[in-house]
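Visitor: Input coords.json, format and content: JSON, C-alpha atoms.
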[["chain", "number", "residue", "atom", "x", "y", "z"],
["N", 24, "MET", "CA", 137.83, 50.46, 76.60],
["N", 25, "GLY", "CA", 134.16, 49.85, 77.39],
["N", 26, "LYS", "CA", 134.33, 52.22, 80.37],
["N", 27, "ILE", "CA", 135.83, 54.96, 78.20],
["N", 28, "ALA", "CA", 133.05, 54.56, 75.62],
["N", 29, "LEU", "CA", 130.44, 54.70, 78.37],
["N", 30, "LEU", "CA", 132.05, 57.83, 79.78],
["N", 31, "PHE", "CA", 131.93, 59.69, 76.46],
["N", 32, "ALA", "CA", 128.42, 58.51, 75.69],
["N", 33, "MET", "CA", 127.05, 59.74, 79.01],
["N", 34, "ILE", "CA", 128.90, 63.06, 78.94],
["N", 35, "PHE", "CA", 127.51, 63.94, 75.53],
["N", 36, "LEU", "CA", 124.06, 62.45, 76.08],
["N", 37, "PRO", "CA", 122.48, 65.76, 77.20],
["N", 38, "ALA", "CA", 123.32, 67.40, 73.88],
["N", 39, "VAL", "CA", 121.45, 64.62, 72.08],
["N", 40, "VAL", "CA", 118.47, 64.43, 74.41],
["N", 41, "PHE", "CA", 117.80, 68.16, 74.35],
["N", 42, "ALA", "CA", 118.73, 68.91, 70.73],
["N", 43, "SER", "CA", 115.10, 68.90, 69.58],
["N", 44, "VAL", "CA", 113.45, 72.25, 70.34],
["N", 45, "PRO", "CA", 109.67, 72.49, 69.95],
["N", 46, "ASP", "CA", 108.67, 75.03, 67.30],
["N", 47, "SER", "CA", 105.71, 76.16, 69.36],
["N", 48, "VAL", "CA", 104.63, 75.61, 72.92],
["N", 49, "THR", "CA", 101.01, 75.64, 74.05],
["N", 50, "PRO", "CA", 100.67, 78.31, 76.75],
["N", 51, "LEU", "CA", 100.45, 76.70, 80.16],
["N", 52, "ALA", "CA", 97.45, 77.29, 82.38],
["N", 53, "PRO", "CA", 98.38, 78.20, 85.96],
["N", 54, "VAL", "CA", 97.24, 76.03, 88.82],
["N", 55, "SER", "CA", 94.02, 76.96, 90.60],
["N", 56, "LYS", "CA", 94.05, 79.83, 93.09],
["N", 57, "GLU", "CA", 93.24, 77.40, 95.89],
["N", 58, "LEU", "CA", 96.18, 75.13, 95.05],
["N", 59, "LYS", "CA", 98.52, 78.10, 94.61],
["N", 60, "LYS", "CA", 97.77, 79.25, 98.17],
["N", 61, "GLN", "CA", 98.61, 75.77, 99.47],
["N", 62, "LEU", "CA", 101.97, 75.82, 97.66],
["N", 63, "LEU", "CA", 103.41, 78.79, 99.55],
["N", 64, "GLY", "CA", 106.79, 77.52, 100.79],
["N", 65, "THR", "CA", 107.28, 74.94, 98.04],
["N", 66, "PRO", "CA", 110.48, 75.23, 95.93],
["N", 67, "VAL", "CA", 110.02, 77.78, 93.14],
["N", 68, "TYR", "CA", 111.62, 78.66, 89.81],
["N", 69, "LEU", "CA", 111.46, 81.86, 87.74],
["N", 70, "GLN", "CA", 111.59, 82.34, 83.97],
["N", 71, "ILE", "CA", 111.74, 85.74, 82.27],
["N", 72, "PHE", "CA", 111.12, 86.40, 78.57],
["N", 73, "LYS", "CA", 112.09, 89.89, 77.42],
["N", 74, "GLU", "CA", 110.34, 90.03, 74.05],
["N", 75, "GLU", "CA", 107.09, 88.69, 75.51],
["N", 76, "ARG", "CA", 107.49, 90.98, 78.57],
["N", 77, "THR", "CA", 106.61, 88.01, 80.78],
["N", 78, "LEU", "CA", 107.81, 86.68, 84.13],
["N", 79, "GLU", "CA", 106.66, 83.18, 85.04],
["N", 80, "LEU", "CA", 106.59, 81.80, 88.59],
["N", 81, "TYR", "CA", 106.68, 78.01, 88.96],
["N", 82, "GLY", "CA", 106.19, 75.90, 92.07],
["N", 83, "LYS", "CA", 107.19, 72.30, 92.68],
["N", 84, "ILE", "CA", 104.38, 69.75, 92.81],
["N", 85, "GLY", "CA", 105.65, 66.20, 93.15],
["N", 86, "ASN", "CA", 108.60, 65.88, 90.78],
["N", 87, "GLU", "CA", 107.56, 68.68, 88.42],
["N", 88, "PHE", "CA", 107.50, 72.46, 88.49],
["N", 89, "ARG", "CA", 104.06, 73.80, 87.58],
["N", 90, "LEU", "CA", 103.08, 77.32, 86.59],
["N", 91, "LEU", "CA", 101.71, 79.25, 89.56],
["N", 92, "ASN", "CA", 101.26, 82.55, 87.77],
["N", 93, "SER", "CA", 102.40, 84.59, 84.78],
["N", 94, "TYR", "CA", 103.02, 88.34, 85.14],
["N", 95, "ARG", "CA", 103.34, 91.16, 82.65],
["N", 96, "ILE", "CA", 106.72, 92.89, 83.06],
["N", 97, "CYS", "CA", 105.93, 96.54, 83.55],
["N", 98, "ASN", "CA", 109.28, 97.80, 82.26],
["N", 99, "PHE", "CA", 112.81, 96.73, 81.30],
["N", 100, "SER", "CA", 115.49, 98.60, 79.41],
["N", 101, "GLY", "CA", 118.12, 98.14, 76.74],
["N", 102, "GLY", "CA", 116.33, 95.75, 74.38],
["N", 103, "LEU", "CA", 117.43, 92.19, 73.62],
["N", 104, "GLY", "CA", 120.89, 90.86, 74.38],
["N", 105, "PRO", "CA", 123.05, 90.38, 77.49],
["N", 106, "LYS", "CA", 124.18, 93.11, 79.84],
["N", 107, "ARG", "CA", 127.89, 93.78, 79.33],
["N", 108, "VAL", "CA", 128.92, 97.14, 80.78],
["N", 109, "GLN", "CA", 127.99, 99.11, 83.87],
["N", 110, "GLY", "CA", 125.80, 101.98, 82.72],
["N", 111, "ASP", "CA", 124.61, 100.44, 79.43],
["N", 112, "PHE", "CA", 121.07, 100.29, 80.94],
["N", 113, "LYS", "CA", 120.58, 96.77, 79.60],
["N", 114, "SER", "CA", 118.70, 94.13, 81.56],
["N", 115, "PRO", "CA", 120.67, 90.86, 81.89],
["N", 116, "GLU", "CA", 120.09, 87.52, 80.16],
["N", 117, "GLY", "CA", 121.36, 84.14, 81.28],
["N", 118, "PHE", "CA", 121.12, 81.73, 84.19],
["N", 119, "TYR", "CA", 121.11, 83.20, 87.69],
["N", 120, "ASN", "CA", 120.16, 82.14, 91.20],
["N", 121, "VAL", "CA", 118.94, 83.89, 94.32],
["N", 122, "GLY", "CA", 119.61, 83.34, 98.02],
["N", 123, "LEU", "CA", 118.04, 84.97, 101.06],
["N", 124, "SER", "CA", 120.74, 87.66, 101.23],
["N", 125, "GLN", "CA", 119.63, 88.88, 97.78],
["N", 126, "LEU", "CA", 116.12, 89.78, 98.93],
["N", 127, "LYS", "CA", 115.53, 93.48, 99.61],
["N", 128, "PRO", "CA", 112.25, 94.00, 101.45],
["N", 129, "ASP", "CA", 112.97, 97.70, 102.01],
["N", 130, "SER", "CA", 114.12, 98.63, 98.50],
["N", 131, "ARG", "CA", 113.40, 102.17, 97.34],
["N", 132, "PHE", "CA", 111.69, 100.44, 94.40],
["N", 133, "TYR", "CA", 109.21, 98.79, 96.78],
["N", 134, "ARG", "CA", 110.48, 95.18, 97.16],
["N", 135, "ALA", "CA", 113.45, 93.83, 95.18],
["N", 136, "ILE", "CA", 115.20, 90.56, 94.34],
["N", 137, "ASN", "CA", 118.84, 90.84, 93.23],
["N", 138, "VAL", "CA", 119.25, 88.31, 90.39],
["N", 139, "GLY", "CA", 122.99, 87.91, 91.05],
["N", 140, "PHE", "CA", 124.57, 89.68, 88.09],
["N", 141, "PRO", "CA", 127.40, 89.22, 87.31],
["N", 142, "ASN", "CA", 127.34, 85.42, 87.53],
["N", 143, "GLU", "CA", 130.31, 83.19, 86.71],
["N", 144, "TYR", "CA", 129.63, 83.39, 82.97],
["N", 145, "ASP", "CA", 129.44, 87.18, 83.08],
["N", 146, "ARG", "CA", 132.68, 87.43, 85.05],
["N", 147, "GLN", "CA", 134.51, 85.19, 82.59],
["N", 148, "GLN", "CA", 133.35, 87.51, 79.78],
["N", 149, "GLY", "CA", 134.52, 90.58, 81.69],
["N", 150, "TYR", "CA", 130.96, 91.94, 81.97],
["N", 151, "GLN", "CA", 130.36, 94.53, 84.66],
["N", 152, "GLY", "CA", 127.37, 95.82, 86.58],
["N", 153, "LYS", "CA", 125.66, 95.56, 89.94],
["N", 154, "TYR", "CA", 122.30, 95.80, 91.64],
["N", 155, "LEU", "CA", 120.40, 94.19, 88.76],
["N", 156, "MET", "CA", 117.01, 93.47, 90.25],
["N", 157, "ILE", "CA", 113.49, 92.26, 89.82],
["N", 158, "HIS", "CA", 111.61, 94.97, 91.69],
["N", 159, "GLY", "CA", 108.41, 97.00, 91.95],
["N", 160, "ASN", "CA", 107.62, 100.61, 91.13],
["N", 161, "CYS", "CA", 107.44, 100.00, 87.36],
["N", 162, "VAL", "CA", 110.67, 101.96, 86.63],
["N", 163, "SER", "CA", 113.75, 100.36, 85.03],
["N", 164, "ILE", "CA", 117.32, 101.41, 84.29],
["N", 165, "GLY", "CA", 118.57, 97.87, 83.71],
["N", 166, "CYS", "CA", 116.25, 95.93, 86.01],
["N", 167, "TYR", "CA", 113.00, 94.02, 85.52],
["N", 168, "ALA", "CA", 110.32, 96.28, 86.98],
["N", 169, "MET", "CA", 106.93, 94.95, 87.98],
["N", 170, "THR", "CA", 103.84, 96.56, 89.42],
["N", 171, "ASP", "CA", 103.93, 96.59, 93.21],
["N", 172, "ALA", "CA", 101.03, 94.13, 93.40],
["N", 173, "TYR", "CA", 102.83, 91.62, 91.14],
["N", 174, "MET", "CA", 106.10, 92.14, 93.00],
["N", 175, "ASP", "CA", 104.37, 91.44, 96.30],
["N", 176, "GLU", "CA", 103.31, 87.97, 95.16],
["N", 177, "ILE", "CA", 106.60, 87.07, 93.46],
["N", 178, "TYR", "CA", 108.63, 88.21, 96.46],
["N", 179, "HIS", "CA", 106.30, 86.39, 98.88],
["N", 180, "TYR", "CA", 106.75, 83.02, 97.14],
["N", 181, "VAL", "CA", 110.52, 83.38, 96.65],
["N", 182, "GLU", "CA", 111.05, 84.35, 100.29],
["N", 183, "ALA", "CA", 108.82, 81.54, 101.57],
["N", 184, "ALA", "CA", 110.67, 78.95, 99.45],
["N", 185, "LEU", "CA", 114.08, 80.09, 100.70],
["N", 186, "ARG", "CA", 112.97, 80.23, 104.34],
["N", 187, "ASN", "CA", 111.45, 76.77, 103.96],
["N", 188, "GLY", "CA", 114.77, 75.21, 102.96],
["N", 189, "GLN", "CA", 115.31, 75.79, 99.23],
["N", 190, "PRO", "CA", 119.02, 76.73, 99.07],
["N", 191, "ARG", "CA", 118.78, 78.91, 95.94],
["N", 192, "VAL", "CA", 115.99, 79.95, 93.60],
["N", 193, "GLU", "CA", 117.03, 79.63, 89.97],
["N", 194, "VAL", "CA", 116.16, 82.45, 87.57],
["N", 195, "SER", "CA", 116.43, 81.82, 83.82],
["N", 196, "ILE", "CA", 116.32, 85.01, 81.74],
["N", 197, "TYR", "CA", 115.76, 84.62, 77.99],
["N", 198, "PRO", "CA", 115.45, 87.16, 75.17],
["N", 199, "PHE", "CA", 112.30, 85.36, 73.94],
["N", 200, "ARG", "CA", 110.72, 81.91, 74.01],
["N", 201, "MET", "CA", 113.53, 79.98, 72.41],
["N", 202, "THR", "CA", 111.64, 77.93, 69.84],
["N", 203, "GLU", "CA", 113.23, 77.08, 66.50],
["N", 204, "SER", "CA", 111.01, 79.58, 64.71],
["N", 205, "ASN", "CA", 112.07, 82.38, 67.05],
["N", 206, "MET", "CA", 115.72, 81.41, 66.72],
["N", 207, "GLN", "CA", 115.37, 81.51, 62.95],
["N", 208, "ARG", "CA", 113.69, 84.90, 63.15],
["N", 209, "HIS", "CA", 116.69, 86.25, 65.08],
["N", 210, "ARG", "CA", 119.37, 84.24, 63.25],
["N", 211, "TYR", "CA", 121.20, 87.35, 62.00],
["N", 212, "SER", "CA", 121.41, 88.96, 65.43],
["N", 213, "THR", "CA", 124.85, 89.76, 66.77],
["N", 214, "TYR", "CA", 123.82, 87.80, 69.88],
["N", 215, "ILE", "CA", 122.82, 84.56, 68.12],
["N", 216, "ASN", "CA", 125.84, 82.53, 69.31],
["N", 217, "PHE", "CA", 125.14, 83.54, 72.90],
["N", 218, "TRP", "CA", 121.47, 82.69, 72.51],
["N", 219, "LYS", "CA", 122.38, 79.22, 71.22],
["N", 220, "GLN", "CA", 123.96, 78.62, 74.63],
["N", 221, "LEU", "CA", 120.69, 79.55, 76.35],
["N", 222, "GLN", "CA", 118.35, 77.55, 74.12],
["N", 223, "PRO", "CA", 119.13, 74.09, 75.62],
["N", 224, "GLY", "CA", 118.15, 75.36, 79.09],
["N", 225, "TYR", "CA", 114.80, 76.54, 77.78],
["N", 226, "THR", "CA", 114.26, 73.24, 75.98],
["N", 227, "GLN", "CA", 115.20, 71.17, 79.00],
["N", 228, "PHE", "CA", 112.54, 72.83, 81.11],
["N", 229, "VAL", "CA", 109.89, 72.41, 78.40],
["N", 230, "GLN", "CA", 110.66, 68.71, 78.18],
["N", 231, "THR", "CA", 111.31, 67.79, 81.82],
["N", 232, "LYS", "CA", 109.54, 70.47, 83.91],
["N", 233, "GLN", "CA", 112.78, 70.70, 85.89],
["N", 234, "PRO", "CA", 114.93, 73.87, 86.11],
["N", 235, "PRO", "CA", 117.98, 73.46, 83.89],
["N", 236, "ALA", "CA", 121.20, 72.27, 85.52],
["N", 237, "VAL", "CA", 123.68, 74.81, 84.18],
["N", 238, "SER", "CA", 127.37, 75.39, 84.82],
["N", 239, "VAL", "CA", 130.07, 77.47, 83.10],
["N", 240, "SER", "CA", 133.09, 75.96, 81.35],
["N", 241, "ASP", "CA", 135.66, 77.75, 79.18],
["N", 242, "GLY", "CA", 133.53, 80.86, 79.07],
["N", 243, "LYS", "CA", 130.35, 79.10, 77.93],
["N", 244, "TYR", "CA", 127.15, 77.87, 79.55],
["N", 245, "VAL", "CA", 127.11, 74.07, 79.78],
["N", 246, "LEU", "CA", 123.93, 72.08, 80.32],
["N", 247, "SER", "CA", 123.79, 68.73, 82.10],
["N", 248, "ARG", "CA", 120.78, 66.46, 82.40],
["N", 249, "PRO", "CA", 119.66, 65.92, 86.01],
["N", 250, "LEU", "CA", 119.50, 62.34, 87.22],
["N", 251, "ALA", "CA", 116.13, 60.68, 87.73],
["N", 252, "GLY", "CA", 114.75, 61.57, 91.13],
["N", 253, "ASN", "CA", 115.93, 65.17, 90.78],
["N", 254, "SER", "CA", 119.12, 64.66, 92.77],
["N", 255, "GLY", "CA", 120.73, 67.53, 90.91],
["N", 256, "ALA", "CA", 123.85, 65.55, 90.00],
["N", 257, "PRO", "CA", 124.64, 65.61, 86.27],
["N", 258, "ASP", "CA", 125.01, 62.49, 84.14],
["N", 259, "SER", "CA", 128.64, 63.40, 83.46],
["N", 260, "ALA", "CA", 129.38, 63.24, 87.21],
["N", 261, "LEU", "CA", 127.81, 59.77, 87.34],
["N", 262, "ALA", "CA", 129.87, 58.62, 84.37],
["N", 263, "LEU", "CA", 133.12, 59.80, 85.96],
["N", 264, "THR", "CA", 132.23, 57.95, 89.16],
["N", 265, "GLN", "CA", 131.52, 54.74, 87.30],
["N", 266, "ALA", "CA", 134.76, 54.99, 85.34],
["N", 267, "LYS", "CA", 136.95, 55.12, 88.44]]
Using structure tokens, write down the structure that the file contains.
Guide:
Amino acid sequence: MGKIALLFAMIFLPAVVFASVPDSVTPLAPVSKELKKQLLGTPVYLQIFKEERTLELYGKIGNEFRLLNSYRICNFSGGLGPKRVQGDFKSPEGFYNVGLSQLKPDSRFYRAINVGFPNEYDRQQGYQGKYLMIHGNCVSIGCYAMTDAYMDEIYHYVEAALRNGQPRVEVSIYPFRMTESNMQRHRYSTYINFWKQLQPGYTQFVQTKQPPAVSVSDGKYVLSRPLAGNSGAPDSALALTQAK
């Protein structure tokens, strides 16, 4: 009986730990230019915020991911909300990841990074689309377009991280900074239930400085808390192991 109680407690612990969302977050200052140069090849993480038109590049220092630089998104299309249909010109939202095969150094939009739409969540919803990118050339029909200079730096750090052994670079795409005040401001949106699935990922990163550990279950994003030491294994996996 004790093992069963422990199992349930540990499975549902992440929902308790990350339930509190800060109402406001002090903007982070990027690391110095000198340190940023030294971090080329370190694991990286990307966050995108549509409403703020911001892409943030983070690099791993010790056990935390620190802001390397913040970039103004030159253009995206379709407004807030997830991409659902091929040809709707919307830019995606959700949790994605990038491998080396998704880098396009010779894109007709300068350089490009395919974010991996549709992911497992998108497929379970029946969403369709392809070639959703972060790219240069400042032109968007569903992608996140940057200036060529910004794209050069983003691409350079993502490629270096992958070639230096990072298996996948995680990309979290949010409609806005998912504070409680912003969620309240958008509470009547048709997308609010979807956004409630994204909010814990945003909160986890604010609190832990670790990219959120996200999976998909029954057509919904599910967040697990990484173990100490950044092993990547969720608490629920540990609980199931202990219960055997």
Visitor: Taking only C-alpha atoms into account, produce a table as a tab-separated table in which each residue of segment 104-187 of chain N with an atom at most 9 Å from an atom of segment 75-95 of chain N appears once, together with its shortest atom pair and the distance in Å to one decimal, ordered by chain and rising number.
Guide:
residue	atom	partner	partner_atom	distance
N:Met169	CA	N:Arg95	CA	7.5
N:Thr170	CA	N:Arg95	CA	8.7
N:Tyr173	CA	N:Tyr94	CA	6.8
N:Ile177	CA	N:Leu80	CA	7.2
N:Tyr180	CA	N:Leu80	CA	8.6
Visitor: Go through N:Lys127, N:Val138, N:Gly101, N:Tyr225 one by one, measure the shortest atom-to-atom distance of each to Arg200 of chain N using all atoms listed in the file, and give the residue with the smallest value.
Guide: N:Tyr225
Visitor: What does the distance from atom CA of Tyr154 of chain N to atom CA of Ile136 of chain N come to in Å, to one decimal?
Guide: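 Separating atom CA of Tyr154 of chain N from atom CA of Ile136 of chain N is a distance of 9.2 Å.
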Visitor: I'd like the interatomic distance between atom CA of Phe199 of chain N and atom CA of Tyr244 of chain N, to a tenth of an Å.
Guide: 17.6 Å
Visitor: I'd like the interatomic distance between atom CA of Val229 of chain N and atom CA of Pro105 of chain N, to a tenth of an Å.
Guide: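 Separating atom CA of Val229 of chain N from atom CA of Pro105 of chain N is a distance of 22.3 Å.
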Visitor: Show me, as a list in words, the residues that have an atom within 8 Å of Leu185 of chain N when counting all atoms listed in the file, minus same-chain residues fewer than 6 positions from it.
Guide: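 What passes the distance filter is Gly64, Pro66, Gly122, Leu123, Arg191 and Val192 of chain N.
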Visitor: When distances are computed from only C-alpha atoms, which of N:Gly242, N:Gly152, N:Pro190, N:Gly139 shows the smallest separation from Lys106 of chain N?
Guide: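 Smallest separation from Lys106 of chain N among the options: N:Gly152.
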Visitor: Would you mind listing what lies within 7 Å of Tyr150 of chain N as JSON, numbers by chain, with only C-alpha atoms counted and same-chain residues fewer than 6 positions away left out?
Guide: {"N": [107, 108, 141]}
Visitor: Limited to C-alpha atoms, could you put the picked residues into a file as a PDB file, in the frame of the given file?
Guide:
ATOM      1  CA  ARG N 107     127.890  93.780  79.330  1.00  0.00           C
ATOM      2  CA  VAL N 108     128.920  97.140  80.780  1.00  0.00           C
ATOM      3  CA  PRO N 141     127.400  89.220  87.310  1.00  0.00           C
TER       4      PRO N 141
END
Visitor: Check the smallest atom-to-atom distance from each of N:Met174, N:Ala52, N:Val67, N:Val121 to Asn187 of chain N using all atoms listed in the file, then report the winner.
Guide: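 Among the listed residues, N:Val67 lies closest to Asn187 of chain N.
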Visitor: Taking all atoms of segment 101-104 of chain N that the file lists, what box with edges along x, y and z, padded by 8 Å per side, do you get, with centre and edge lengths in Å to one decimal, as JSON?
Guide:
{"center_x": 118.6, "center_y": 94.5, "center_z": 75.2, "size_x": 20.6, "size_y": 23.3, "size_z": 19.1}
Visitor: Can you pull out every residue within 9 Å of segment 156-162 of chain N, counting only C-alpha atoms, but drop anything in the same chain fewer than 3 positions away, and send it as a short mmCIF file (atom, residue, chain, number, x, y, z; two decimals) with C-alpha atoms, in the coordinates of the input?
Guide:
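Saved to part-v6.cif:
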data_model
loop_
_atom_site.label_atom_id
_atom_site.label_comp_id
_atom_site.auth_asym_id
_atom_site.auth_seq_id
_atom_site.Cartn_x
_atom_site.Cartn_y
_atom_site.Cartn_z
CA ILE N 96 106.72 92.89 83.06
CA CYS N 97 105.93 96.54 83.55
CA ASN N 98 109.28 97.80 82.26
CA PHE N 99 112.81 96.73 81.30
CA SER N 114 118.70 94.13 81.56
CA LYS N 127 115.53 93.48 99.61
CA SER N 130 114.12 98.63 98.50
CA ARG N 131 113.40 102.17 97.34
CA PHE N 132 111.69 100.44 94.40
CA TYR N 133 109.21 98.79 96.78
CA ARG N 134 110.48 95.18 97.16
CA ALA N 135 113.45 93.83 95.18
CA ILE N 136 115.20 90.56 94.34
CA ASN N 137 118.84 90.84 93.23
CA VAL N 138 119.25 88.31 90.39
CA GLY N 139 122.99 87.91 91.05
CA PHE N 140 124.57 89.68 88.09
CA LYS N 153 125.66 95.56 89.94
CA GLY N 165 118.57 97.87 83.71
CA CYS N 166 116.25 95.93 86.01
CA TYR N 167 113.00 94.02 85.52
CA ALA N 168 110.32 96.28 86.98
CA MET N 169 106.93 94.95 87.98
CA THR N 170 103.84 96.56 89.42
CA ASP N 171 103.93 96.59 93.21
CA ALA N 172 101.03 94.13 93.40
CA TYR N 173 102.83 91.62 91.14
CA MET N 174 106.10 92.14 93.00
CA ASP N 175 104.37 91.44 96.30
CA TYR N 178 108.63 88.21 96.46
#
Visitor: Restricting the calculation to all atoms listed in the file: of N:Met201, N:Thr231, N:Thr213, N:Asp111, which residue gets closest to Gln151 of chain N?
Guide: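 Smallest distance to Gln151 of chain N is found for N:Asp111.
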